[in-house]
>>> print(open('upload-v5.tsv').read())   # TSV, C-alpha atoms
chain	number	residue	atom	x	y	z
A	1	MET	CA	126.17	143.21	38.73
A	2	ALA	CA	122.96	144.84	39.97
A	3	GLY	CA	124.19	147.63	42.26
A	4	ASN	CA	126.77	145.84	44.39
A	5	LEU	CA	125.20	142.44	43.81
A	6	ILE	CA	126.47	139.67	41.56
A	7	SER	CA	123.99	137.83	39.33
A	8	THR	CA	124.63	134.09	39.04
A	9	PRO	CA	122.99	132.03	36.27
A	10	ILE	CA	120.56	129.47	37.73
A	11	THR	CA	121.41	126.00	36.45
A	12	LEU	CA	120.61	122.45	37.54
A	13	GLU	CA	124.05	122.44	39.19
A	14	LEU	CA	122.65	124.83	41.81
A	15	LEU	CA	119.38	122.95	42.30
A	16	ARG	CA	118.45	119.88	44.32
A	17	GLY	CA	115.14	118.05	43.93
A	18	ALA	CA	114.48	119.13	40.33
A	19	LEU	CA	114.93	116.72	37.44
A	20	GLU	CA	114.88	119.29	34.65
A	21	LEU	CA	114.98	123.06	33.98
A	22	GLU	CA	112.85	124.61	31.26
A	23	GLN	CA	113.89	127.92	29.72
A	24	THR	CA	110.86	130.23	29.61
A	25	ASP	CA	110.41	133.75	28.24
A	26	ARG	CA	110.86	135.12	31.77
A	27	GLY	CA	113.31	132.78	33.48
A	28	VAL	CA	113.81	129.07	34.13
A	29	LEU	CA	111.14	126.71	35.45
A	30	PRO	CA	112.10	123.69	37.59
A	31	HIS	CA	110.28	120.48	36.73
A	32	ARG	CA	109.91	117.31	38.81
A	33	LEU	CA	109.07	115.23	35.74
A	34	PRO	CA	111.17	115.25	32.55
A	35	ALA	CA	109.71	116.60	29.30
A	36	TRP	CA	109.32	113.14	27.72
A	37	ALA	CA	107.16	112.04	30.67
A	38	ARG	CA	105.05	115.21	30.65
A	39	SER	CA	104.40	114.76	26.93
A	40	GLN	CA	102.80	111.35	27.46
A	41	TYR	CA	99.85	112.71	29.39
A	42	VAL	CA	98.81	116.32	28.81
A	43	ASP	CA	96.76	117.04	31.91
A	44	GLY	CA	96.25	120.33	33.71
A	45	GLN	CA	96.29	118.79	37.18
A	46	LEU	CA	99.57	116.95	36.60
A	47	GLU	CA	101.08	119.97	34.84
A	48	MET	CA	100.34	122.10	37.88
A	49	ALA	CA	101.49	119.50	40.40
A	50	GLU	CA	104.83	118.55	38.90
A	51	SER	CA	105.78	122.19	38.26
A	52	GLN	CA	105.15	123.12	41.89
A	53	PRO	CA	108.66	122.72	43.32
A	54	SER	CA	108.00	120.61	46.41
A	55	GLY	CA	111.40	119.66	47.79
A	56	VAL	CA	113.24	121.80	45.24
A	57	ARG	CA	115.89	124.10	46.65
A	58	LEU	CA	118.86	126.18	45.53
A	59	VAL	CA	122.01	124.94	47.28
A	60	PHE	CA	125.37	126.71	47.19
A	61	ARG	CA	128.44	127.73	49.18
A	62	THR	CA	129.12	131.44	49.64
A	63	ARG	CA	130.46	134.19	51.88
A	64	ALA	CA	127.53	136.41	50.88
A	65	THR	CA	125.91	138.63	53.51
A	66	VAL	CA	122.98	139.33	51.15
A	67	VAL	CA	121.03	136.80	49.07
A	68	GLU	CA	118.23	137.81	46.72
A	69	LEU	CA	116.08	135.54	44.58
A	70	GLU	CA	113.80	137.08	41.95
A	71	THR	CA	110.95	134.79	40.94
A	72	LEU	CA	107.67	134.73	39.08
A	73	PRO	CA	105.20	132.58	41.04
A	74	THR	CA	101.88	131.27	39.78
A	75	LYS	CA	99.15	131.58	42.38
A	76	ARG	CA	95.72	129.92	42.47
A	77	ASP	CA	92.51	131.68	43.40
A	78	TYR	CA	89.41	129.50	43.90
A	79	VAL	CA	86.07	131.20	43.32
A	80	GLY	CA	84.01	131.20	46.51
A	81	ALA	CA	86.84	129.86	48.67
A	82	PRO	CA	89.12	131.79	51.06
A	83	THR	CA	92.16	133.43	49.43
A	84	ARG	CA	95.16	131.12	49.56
A	85	PRO	CA	98.21	132.49	51.38
A	86	ASP	CA	101.30	133.34	49.35
A	87	GLY	CA	103.87	130.58	49.01
A	88	VAL	CA	106.72	130.54	51.52
A	89	TYR	CA	110.45	130.54	50.76
A	90	ASP	CA	112.52	128.90	53.51
A	91	PHE	CA	116.10	130.17	53.95
A	92	VAL	CA	118.38	127.60	55.55
A	93	VAL	CA	122.02	128.22	56.48
A	94	ASP	CA	124.26	125.31	57.51
A	95	GLY	CA	121.17	123.21	58.19
A	96	LYS	CA	119.27	125.78	60.26
A	97	LEU	CA	116.13	127.62	59.16
A	98	ILE	CA	116.94	131.31	59.74
A	99	GLY	CA	114.38	133.15	57.61
A	100	GLN	CA	111.16	132.98	55.61
A	101	ALA	CA	109.67	135.27	52.99
A	102	SER	CA	107.00	135.39	50.28
A	103	VAL	CA	106.51	136.98	46.87
A	104	GLU	CA	103.19	138.78	46.59
A	105	ALA	CA	103.47	139.39	42.84
A	106	GLY	CA	103.09	136.83	40.05
A	107	ASP	CA	100.60	135.26	37.70
A	108	VAL	CA	97.18	134.31	39.08
A	109	ILE	CA	94.99	131.43	37.90
A	110	THR	CA	91.35	131.86	38.95
A	111	ILE	CA	89.56	128.50	39.15
A	112	ASP	CA	85.82	127.90	39.45
A	113	LEU	CA	85.49	124.70	41.50
A	114	MET	CA	81.92	124.14	40.35
A	115	THR	CA	82.54	124.36	36.59
A	116	GLY	CA	86.28	123.67	36.35
A	117	ALA	CA	86.76	126.85	34.30
A	118	ALA	CA	90.11	128.61	34.76
A	119	GLU	CA	91.41	132.01	33.74
A	120	THR	CA	95.04	133.20	33.95
A	121	ARG	CA	96.10	136.77	34.65
A	122	ARG	CA	99.76	137.54	33.97
A	123	GLY	CA	101.65	139.48	36.63
A	124	GLU	CA	105.10	140.79	37.49
A	125	SER	CA	108.04	139.12	39.18
A	126	GLY	CA	109.01	139.76	42.80
A	127	THR	CA	112.08	139.32	44.99
A	128	VAL	CA	112.79	137.71	48.36
A	129	ARG	CA	115.82	139.14	50.17
A	130	PHE	CA	117.78	137.75	53.10
A	131	ASP	CA	120.50	139.98	54.54
A	132	GLY	CA	122.55	140.54	57.67
A	133	LEU	CA	124.33	137.23	57.14
A	134	SER	CA	127.81	136.40	58.37
A	135	ASP	CA	130.59	136.77	55.79
A	136	GLU	CA	131.98	133.38	56.84
A	137	PRO	CA	131.82	130.51	54.31
A	138	LYS	CA	128.48	128.74	54.62
A	139	THR	CA	126.10	126.39	52.84
A	140	VAL	CA	122.88	128.10	51.82
A	141	GLU	CA	119.67	126.26	50.95
A	142	LEU	CA	116.82	128.35	49.57
A	143	TRP	CA	113.72	126.14	49.50
A	144	LEU	CA	111.09	127.13	46.95
A	145	PRO	CA	107.37	127.19	47.81
A	146	HIS	CA	106.09	123.63	47.69
A	147	ASN	CA	102.63	124.69	46.48
A	148	GLU	CA	103.37	127.49	44.02
A	149	THR	CA	104.73	127.02	40.49
A	150	THR	CA	107.85	129.19	40.55
A	151	GLU	CA	109.86	130.51	37.61
A	152	LEU	CA	113.35	131.54	38.68
A	153	VAL	CA	114.38	134.89	37.21
A	154	ALA	CA	117.63	135.85	38.97
A	155	LEU	CA	119.90	134.91	41.87
A	156	ARG	CA	121.83	137.87	43.28
A	157	THR	CA	124.41	137.93	46.08
A	158	ASP	CA	127.16	140.25	47.31
A	159	ALA	CA	129.78	137.48	47.03
A	160	LEU	CA	130.47	134.66	44.61
A	161	VAL	CA	128.55	131.41	44.93
A	162	GLU	CA	129.67	127.92	44.04
A	163	PRO	CA	127.71	124.67	43.73
A	164	VAL	CA	127.89	122.08	46.49
A	165	PRO	CA	129.13	118.82	44.94
A	166	ALA	CA	126.57	116.03	45.03
A	167	GLY	CA	127.34	112.75	46.71
A	168	GLY	CA	127.84	113.81	50.30
A	169	ARG	CA	124.60	112.20	51.50
A	170	ARG	CA	122.34	109.37	50.35
A	171	VAL	CA	119.53	110.35	47.98
A	172	TRP	CA	115.98	109.45	49.02
A	173	LEU	CA	113.57	109.30	46.08
A	174	HIS	CA	109.94	109.43	47.19
A	175	HIS	CA	106.68	109.32	45.23
A	176	GLY	CA	103.20	110.00	46.54
A	177	SER	CA	100.07	112.13	46.30
A	178	SER	CA	99.09	115.54	47.66
A	179	ILE	CA	100.07	114.68	51.23
A	180	SER	CA	103.59	113.79	50.10
A	181	HIS	CA	103.53	116.91	47.91
A	182	GLY	CA	102.88	118.87	51.10
A	183	SER	CA	99.23	119.90	51.03
A	184	ASP	CA	98.45	122.15	54.02
A	185	ALA	CA	102.02	122.06	55.34
A	186	SER	CA	103.15	125.44	56.64
A	187	SER	CA	106.27	125.80	54.48
A	188	PRO	CA	108.51	123.81	52.11
A	189	THR	CA	110.75	122.49	54.89
A	190	GLY	CA	107.59	121.63	56.86
A	191	THR	CA	106.26	118.91	54.54
A	192	TRP	CA	106.53	115.47	56.06
A	193	PRO	CA	109.04	114.20	53.46
A	194	ALA	CA	111.30	117.25	53.98
A	195	LEU	CA	111.13	116.88	57.75
A	196	ALA	CA	111.82	113.14	57.57
A	197	ALA	CA	114.74	113.71	55.18
A	198	ALA	CA	116.27	116.19	57.63
A	199	GLN	CA	115.89	113.72	60.48
A	200	GLY	CA	117.43	110.94	58.38
A	201	ASP	CA	120.21	113.21	57.05
A	202	VAL	CA	119.46	112.35	53.41
A	203	GLU	CA	118.93	114.33	50.19
A	204	LEU	CA	115.26	114.41	49.21
A	205	VAL	CA	113.91	114.12	45.68
A	206	ASN	CA	110.17	114.51	46.17
A	207	LEU	CA	107.94	113.19	43.39
A	208	GLY	CA	104.75	113.77	45.35
A	209	PHE	CA	102.19	115.00	42.81
A	210	ALA	CA	99.01	116.48	44.27
A	211	GLY	CA	96.00	114.67	42.84
A	212	SER	CA	98.16	112.94	40.22
A	213	SER	CA	99.50	109.70	41.69
A	214	PHE	CA	97.89	106.94	39.63
A	215	LEU	CA	100.64	104.35	39.13
A	216	GLN	CA	101.47	105.98	35.78
A	217	PRO	CA	104.14	104.04	33.87
A	218	PHE	CA	106.01	107.26	33.01
A	219	THR	CA	106.39	108.02	36.72
A	220	ALA	CA	107.81	104.56	37.32
A	221	ARG	CA	110.24	105.00	34.41
A	222	THR	CA	111.29	108.38	35.77
A	223	MET	CA	112.02	106.76	39.14
A	224	ARG	CA	113.83	103.90	37.40
A	225	ASP	CA	116.17	106.39	35.71
A	226	THR	CA	116.74	108.72	38.71
A	227	PRO	CA	119.83	107.95	40.83
A	228	ALA	CA	118.89	107.08	44.41
A	229	GLU	CA	120.10	105.05	47.37
A	230	LEU	CA	116.68	104.89	49.03
A	231	ILE	CA	113.20	104.73	47.42
A	232	SER	CA	109.66	104.88	48.75
A	233	VAL	CA	106.25	104.95	47.10
A	234	LYS	CA	103.08	105.98	48.91
A	235	LEU	CA	100.19	104.58	46.89
A	236	GLY	CA	96.42	104.51	46.82
A	237	ILE	CA	94.53	107.63	47.84
A	238	ASN	CA	94.41	109.31	44.41
A	239	ILE	CA	93.16	106.09	42.84
A	240	VAL	CA	90.25	106.12	45.26
A	241	ASN	CA	89.74	109.89	44.85
A	242	THR	CA	89.18	109.49	41.13
A	243	ASP	CA	87.69	105.98	41.15
A	244	SER	CA	90.20	105.25	38.40
A	245	LEU	CA	90.93	101.53	38.93
A	246	ARG	CA	89.21	98.38	40.13
A	247	LEU	CA	90.89	95.70	42.21
A	248	ARG	CA	91.56	93.42	39.23
A	249	SER	CA	93.46	96.24	37.45
A	250	PHE	CA	95.04	97.75	40.58
A	251	THR	CA	96.98	94.60	41.45
A	252	PRO	CA	98.84	94.20	38.12
A	253	ALA	CA	99.38	97.97	37.97
A	254	VAL	CA	101.20	97.88	41.31
A	255	HIS	CA	103.31	94.93	40.18
A	256	GLY	CA	104.16	96.72	36.93
A	257	PHE	CA	105.08	99.92	38.77
A	258	LEU	CA	107.42	98.06	41.11
A	259	ASP	CA	108.85	95.97	38.27
A	260	THR	CA	109.81	99.11	36.37
A	261	ILE	CA	111.49	100.72	39.38
A	262	ARG	CA	113.41	97.51	39.97
A	263	GLU	CA	114.76	97.59	36.40
A	264	GLY	CA	116.93	100.55	37.40
A	265	HIS	CA	117.27	99.85	41.12
A	266	PRO	CA	117.33	96.06	41.52
A	267	THR	CA	118.59	95.97	45.12
A	268	THR	CA	117.89	99.49	46.43
A	269	PRO	CA	115.82	99.57	49.63
A	270	LEU	CA	112.25	100.11	48.40
A	271	LEU	CA	109.49	100.93	50.86
A	272	VAL	CA	105.81	100.70	49.87
A	273	VAL	CA	103.60	102.89	52.09
A	274	SER	CA	99.82	102.55	52.10
A	275	PRO	CA	97.46	105.51	52.69
A	276	ILE	CA	97.12	107.22	56.05
A	277	LEU	CA	93.73	107.07	57.74
A	278	CYS	CA	91.09	109.02	55.82
A	279	PRO	CA	87.69	108.30	57.42
A	280	ILE	CA	85.56	109.32	54.43
A	281	HIS	CA	87.22	106.67	52.24
A	282	GLU	CA	88.08	103.87	54.66
A	283	ASP	CA	85.06	101.83	53.59
A	284	THR	CA	83.42	104.09	50.99
A	285	PRO	CA	84.85	104.13	47.47
A	286	GLY	CA	85.37	107.20	45.30
A	287	PRO	CA	85.12	109.38	43.51
A	288	THR	CA	85.82	112.20	45.95
A	289	GLY	CA	83.62	115.25	45.51
A	290	TRP	CA	83.32	118.73	46.93
A	291	ASP	CA	81.28	119.15	50.09
A	292	LEU	CA	78.78	121.60	48.59
A	293	SER	CA	77.42	122.74	51.93
A	294	ALA	CA	80.95	123.71	53.02
A	295	LEU	CA	81.56	125.55	49.74
A	296	GLY	CA	78.39	127.49	50.37
A	297	GLU	CA	80.03	128.71	53.60
A	298	GLY	CA	83.27	129.62	51.84
A	299	LYS	CA	85.12	126.52	53.09
A	300	VAL	CA	86.86	123.74	51.18
A	301	ARG	CA	85.98	120.24	52.34
A	302	PHE	CA	85.67	116.91	50.59
A	303	ALA	CA	83.17	114.06	50.63
A	304	ALA	CA	83.10	110.44	49.44
A	305	THR	CA	80.44	109.94	46.77
A	306	GLY	CA	80.80	106.22	46.01
A	307	ASP	CA	78.56	103.35	47.08
A	308	PRO	CA	79.99	100.91	49.67
A	309	GLU	CA	77.80	98.17	48.20
A	310	GLU	CA	80.01	98.22	45.06
A	311	VAL	CA	83.16	97.15	46.93
A	312	ALA	CA	82.12	93.54	46.40
A	313	ALA	CA	82.26	94.17	42.64
A	314	GLY	CA	85.84	95.45	42.84
A	315	LYS	CA	85.55	99.14	43.70
A	316	LEU	CA	88.47	100.31	45.81
A	317	THR	CA	88.48	101.74	49.31
A	318	LEU	CA	91.50	102.50	51.48
A	319	SER	CA	90.86	99.37	53.52
A	320	VAL	CA	90.92	97.23	50.37
A	321	ILE	CA	94.05	98.95	49.06
A	322	ARG	CA	95.98	98.49	52.30
A	323	ALA	CA	95.18	94.79	52.41
A	324	GLU	CA	96.21	94.32	48.78
A	325	LEU	CA	99.44	96.31	49.06
A	326	SER	CA	100.41	94.31	52.13
A	327	ARG	CA	99.71	91.05	50.27
A	328	ILE	CA	101.65	92.16	47.17
A	329	VAL	CA	104.72	93.19	49.16
A	330	GLU	CA	104.66	89.98	51.19
A	331	GLN	CA	104.49	87.95	47.98
A	332	ARG	CA	107.30	89.84	46.26
A	333	ALA	CA	109.53	90.08	49.34
A	334	ALA	CA	110.08	86.32	49.18
A	335	ASP	CA	112.40	87.03	46.24
A	336	ASP	CA	113.17	90.68	47.02
A	337	PRO	CA	114.53	91.06	50.58
A	338	ASN	CA	115.01	94.82	50.09
A	339	LEU	CA	111.28	95.40	49.56
A	340	HIS	CA	109.32	96.58	52.62
A	341	TYR	CA	105.79	97.61	53.57
A	342	LEU	CA	104.52	100.27	55.98
A	343	ASP	CA	100.85	100.65	56.88
A	344	GLY	CA	100.12	104.37	56.49
A	345	ARG	CA	97.99	104.32	59.65
A	346	VAL	CA	101.26	104.08	61.59
A	347	LEU	CA	101.88	107.65	60.42
A	348	TYR	CA	98.32	108.86	61.06
A	349	GLY	CA	95.65	106.58	62.48
A	350	GLU	CA	92.46	106.38	64.51
A	351	ALA	CA	93.93	107.84	67.69
A	352	ASP	CA	95.39	110.77	65.77
A	353	ASN	CA	92.13	111.47	64.01
A	354	ALA	CA	90.33	111.62	67.34
A	355	VAL	CA	92.68	114.37	68.51
A	356	ARG	CA	93.45	116.19	65.25
A	357	PRO	CA	90.96	115.42	62.46
A	358	LEU	CA	91.90	116.15	58.87
A	359	PRO	CA	90.78	119.80	58.44
A	360	ASP	CA	89.22	119.28	55.00
A	361	ASP	CA	88.55	115.54	55.53
A	362	LEU	CA	91.40	114.68	53.17
A	363	HIS	CA	94.68	116.47	54.02
A	364	PRO	CA	96.63	116.77	57.30
A	365	ASP	CA	97.61	120.09	58.86
A	366	GLY	CA	101.16	121.28	59.56
A	367	GLU	CA	101.35	119.71	63.00
A	368	THR	CA	100.29	116.35	61.58
A	369	HIS	CA	102.98	116.62	58.90
A	370	ARG	CA	105.52	116.88	61.75
A	371	THR	CA	104.05	113.86	63.50
A	372	MET	CA	104.09	111.82	60.30
A	373	ALA	CA	107.71	112.78	59.62
A	374	GLU	CA	108.85	111.75	63.08
A	375	ARG	CA	107.10	108.39	62.85
A	376	PHE	CA	108.36	107.72	59.34
A	377	ALA	CA	111.93	108.57	60.31
A	378	ASP	CA	111.73	106.52	63.52
A	379	TYR	CA	110.67	103.53	61.42
A	380	ALA	CA	112.63	103.90	58.19
A	381	PHE	CA	115.94	105.21	59.57
A	382	ALA	CA	116.01	103.07	62.71
A	383	VAL	CA	118.98	100.77	63.25
A	384	LYS	CA	117.07	97.83	61.80
A	385	GLY	CA	114.79	99.91	59.59
A	386	PRO	CA	114.61	99.58	55.78
A	387	PHE	CA	116.68	102.76	55.27
A	388	ALA	CA	119.31	102.00	57.90
>>> encode(input="upload-v5.tsv", output="structure tokens")
Amino acid sequence: MAGNLISTPITLELLRGALELEQTDRGVLPHRLPAWARSQYVDGQLEMAESQPSGVRLVFRTRATVVELETLPTKRDYVGAPTRPDGVYDFVVDGKLIGQASVEAGDVITIDLMTGAAETRRGESGTVRFDGLSDEPKTVELWLPHNETTELVALRTDALVEPVPAGGRRVWLHHGSSISHGSDASSPTGTWPALAAAQGDVELVNLGFAGSSFLQPFTARTMRDTPAELISVKLGINIVNTDSLRLRSFTPAVHGFLDTIREGHPTTPLLVVSPILCPIHEDTPGPTGWDLSALGEGKVRFAATGDPEEVAAGKLTLSVIRAELSRIVEQRAADDPNLHYLDGRVLYGEADNAVRPLPDDLHPDGETHRTMAERFADYAFAVKGPFA
């Protein structure tokens, strides 16, 4: 007890959307990739992305009128760029968002975008508190910030909590890049996968890894081994961003990724989604670089630095990737009727870009996340849709 509050140990039984919990010297850290997968590729970008708890939430039943969560967030500060806002905690009761809060304290990683140098300053933990709740039995979901690595220190309530048994709804397992992760969404329940999951009344496991979606075999094996009734993979943009594959290696990599998922989910509905419209990379290959003129003005924007003339030699653009993904799915669907394809431009296309351009030329804003979610749900969860 802390005052009149009861402390409840935070275990995987109370969490949805996390695949593993790591005990740290200050609490427990939710991971969206298991330790064996993380050990196969020690990379700072992936380490940051998978430990940011996009889609991860505490879920429990309680009569509590007060709920407190003490956490230790890790914040990022980019030299020369505007200060990033604190991560948002969404408090949902019986399916309705009733409160939001942030933790100002925490560790801070200062990153120099020009040199790549990073420095970490350790900080203190902080607490979000939601009170004035009804003492009636209710289901509480406390969504963690989708863009802030968050160690969980303590859960405190003024009444006992109990886990909500799994199995009440279908599980949707989704993999993608920073847009699926939730880049520039307003809050954790405002990412397009979270919004689409709510509309489809399914449980989300979000394996969207900002800047780290490269058809890695360990990601496919993780998906193979994760229970799910519905699966989607949104592929392509990070491969162009980093100029990491050519067409002759991209094609077998996609086949291998899908083959591995099918080893564990042979008949599960599997939806392949190509990239949304991104004008800088539609016909210009990567890598993606910083827009130096924008940085000079304290803004973060991106630019395509590849040569369109090299597409003929196998360099990838979004146009090339969409055509190849469509061809691959059509080929495989002849023997796999539960495999489907969605052109990402259905979610965000030319008409959308004319009205609401991507603010940094790469990521959609919060309103566009809502639009994408509605369109995805209208397609995937429709009566004759792949997730019907």
>>> axis_aligned_box(input="upload-v5.tsv", around="segment 110-123 of chain A", padding_each_side="8 Å", output="AutoDock Vina command-line options")
--center_x 91.8 --center_y 131.6 --center_z 37.6 --size_x 35.7 --size_y 31.8 --size_z 23.8
>>> residues_around(input="upload-v5.tsv", residues="segment 338-340 of chain A", least_positions_apart="3", cutoff="10 Å", atoms="all atoms listed in the file", output="PyMOL selection string")
chain A and resi 231-232+258+266-273+326+329-330+332-335+380+385-387
>>> closest_residue(input="upload-v5.tsv", among="A:Thr71, A:Thr139, A:Thr226, A:Thr62", to="Gly87 of chain A", atoms="all atoms listed in the file")
A:Thr71
>>> atom_distance(input="upload-v5.tsv", atom1="atom CA of Asn206 of chain A", atom2="atom CA of Ser51 of chain A")
11.9 Å
>>> atom_distance(input="upload-v5.tsv", atom1="atom CA of Ala220 of chain A", atom2="atom CA of Asp360 of chain A")
29.6 Å
>>> atom_distance(input="upload-v5.tsv", atom1="atom CA of Ala377 of chain A", atom2="atom CA of Phe60 of chain A")
26.1 Å
>>> residues_around(input="upload-v5.tsv", residues="Val128 of chain A", least_positions_apart="2", cutoff="9 Å", atoms="only C-alpha atoms", output="list of chain:residue names")
A:Val67, A:Glu68, A:Leu69, A:Glu70, A:Thr71, A:Tyr89, A:Gln100, A:Ala101, A:Ser102, A:Val103, A:Gly126, A:Phe130
>>> closest_residue(input="upload-v5.tsv", among="A:Leu173, A:Glu282, A:Ala253, A:Leu325", to="Ala228 of chain A", atoms="all atoms listed in the file")
A:Leu173
>>> closest_residue(input="upload-v5.tsv", among="A:Pro217, A:Trp172, A:Pro85, A:Arg248", to="Gln40 of chain A", atoms="only C-alpha atoms")
A:Pro217
>>> residues_around(input="upload-v5.tsv", residues="Phe376 of chain A", least_positions_apart="6", cutoff="9 Å", atoms="all atoms listed in the file", output="PyMOL selection string")
chain A and resi 192-193+196+346-347
>>> residues_near_point(input="upload-v5.tsv", point="(99.4, 108.4, 40.4)", cutoff="9 Å", atoms="only C-alpha atoms", output="PyMOL selection string")
chain A and resi 175-177+209-216+219+235-239
>>> residues_near_point(input="upload-v5.tsv", point="(98.6, 122.2, 36.7)", cutoff="12 Å", atoms="all atoms listed in the file", output="PyMOL selection string")
chain A and resi 31+38+42-52+74-76+109+111+118+120+147-149+209-212
>>> residues_around(input="upload-v5.tsv", residues="segment 183-186 of chain A", least_positions_apart="6", cutoff="9 Å", atoms="all atoms listed in the file", output="PyMOL selection string")
chain A and resi 88+146-147+192+210+363-370
>>> residues_around(input="upload-v5.tsv", residues="Thr242 of chain A", least_positions_apart="4", cutoff="8 Å", atoms="all atoms listed in the file", output="list in words")
Asn238, Gly286, Pro287 and Thr288 of chain A
>>> closest_residue(input="upload-v5.tsv", among="A:Ser125, A:Thr317, A:Ser293, A:Thr284", to="Arg246 of chain A", atoms="only C-alpha atoms")
A:Thr317
>>> closest_residue(input="upload-v5.tsv", among="A:Leu72, A:Leu144, A:Val311, A:Ala198", to="Pro53 of chain A", atoms="all atoms listed in the file")
A:Leu144
>>> closest_residue(input="upload-v5.tsv", among="A:Val66, A:Asp107, A:Leu247, A:Gly182", to="Arg129 of chain A", atoms="only C-alpha atoms")
A:Val66
>>> decode(input="upload-v5.tsv", residues="segment 247-258 of chain A", atoms="N, CA, C and O atoms", output="CSV table (one decimal), in the first residue's frame")
chain,number,residue,atom,x,y,z
A,247,LEU,N,15.8,-4.9,-56.8
A,247,LEU,CA,14.6,-5.6,-57.2
A,247,LEU,C,14.8,-7.1,-57.2
A,247,LEU,O,14.0,-7.9,-56.7
A,248,ARG,N,16.0,-7.6,-57.6
A,248,ARG,CA,16.3,-9.0,-57.7
A,248,ARG,C,16.4,-9.6,-56.3
A,248,ARG,O,16.2,-10.9,-56.2
A,249,SER,N,16.7,-8.9,-55.3
A,249,SER,CA,16.8,-9.4,-53.9
A,249,SER,C,15.5,-9.1,-53.2
A,249,SER,O,15.1,-9.9,-52.2
A,250,PHE,N,14.8,-8.1,-53.5
A,250,PHE,CA,13.5,-7.8,-52.9
A,250,PHE,C,12.5,-8.9,-53.1
A,250,PHE,O,11.8,-9.3,-52.2
A,251,THR,N,12.4,-9.3,-54.3
A,251,THR,CA,11.3,-10.3,-54.7
A,251,THR,C,11.5,-11.6,-53.8
A,251,THR,O,10.5,-12.0,-53.2
A,252,PRO,N,12.7,-12.3,-53.8
A,252,PRO,CA,12.8,-13.5,-53.0
A,252,PRO,C,12.6,-13.2,-51.5
A,252,PRO,O,12.2,-14.0,-50.7
A,253,ALA,N,13.0,-12.0,-51.0
A,253,ALA,CA,12.9,-11.6,-49.6
A,253,ALA,C,11.4,-11.5,-49.2
A,253,ALA,O,11.1,-12.0,-48.1
A,254,VAL,N,10.6,-11.0,-50.1
A,254,VAL,CA,9.2,-10.9,-49.8
A,254,VAL,C,8.6,-12.4,-49.8
A,254,VAL,O,7.8,-12.7,-48.8
A,255,HIS,N,9.0,-13.2,-50.7
A,255,HIS,CA,8.5,-14.6,-50.7
A,255,HIS,C,8.9,-15.3,-49.4
A,255,HIS,O,8.1,-16.0,-48.8
A,256,GLY,N,10.2,-15.1,-49.0
A,256,GLY,CA,10.7,-15.8,-47.8
A,256,GLY,C,9.9,-15.3,-46.6
A,256,GLY,O,9.6,-16.1,-45.7
A,257,PHE,N,9.7,-14.0,-46.5
A,257,PHE,CA,8.9,-13.4,-45.4
A,257,PHE,C,7.6,-14.0,-45.3
A,257,PHE,O,7.1,-14.4,-44.2
A,258,LEU,N,6.8,-14.1,-46.4
A,258,LEU,CA,5.5,-14.6,-46.4
A,258,LEU,C,5.5,-16.1,-46.1
A,258,LEU,O,4.7,-16.7,-45.4
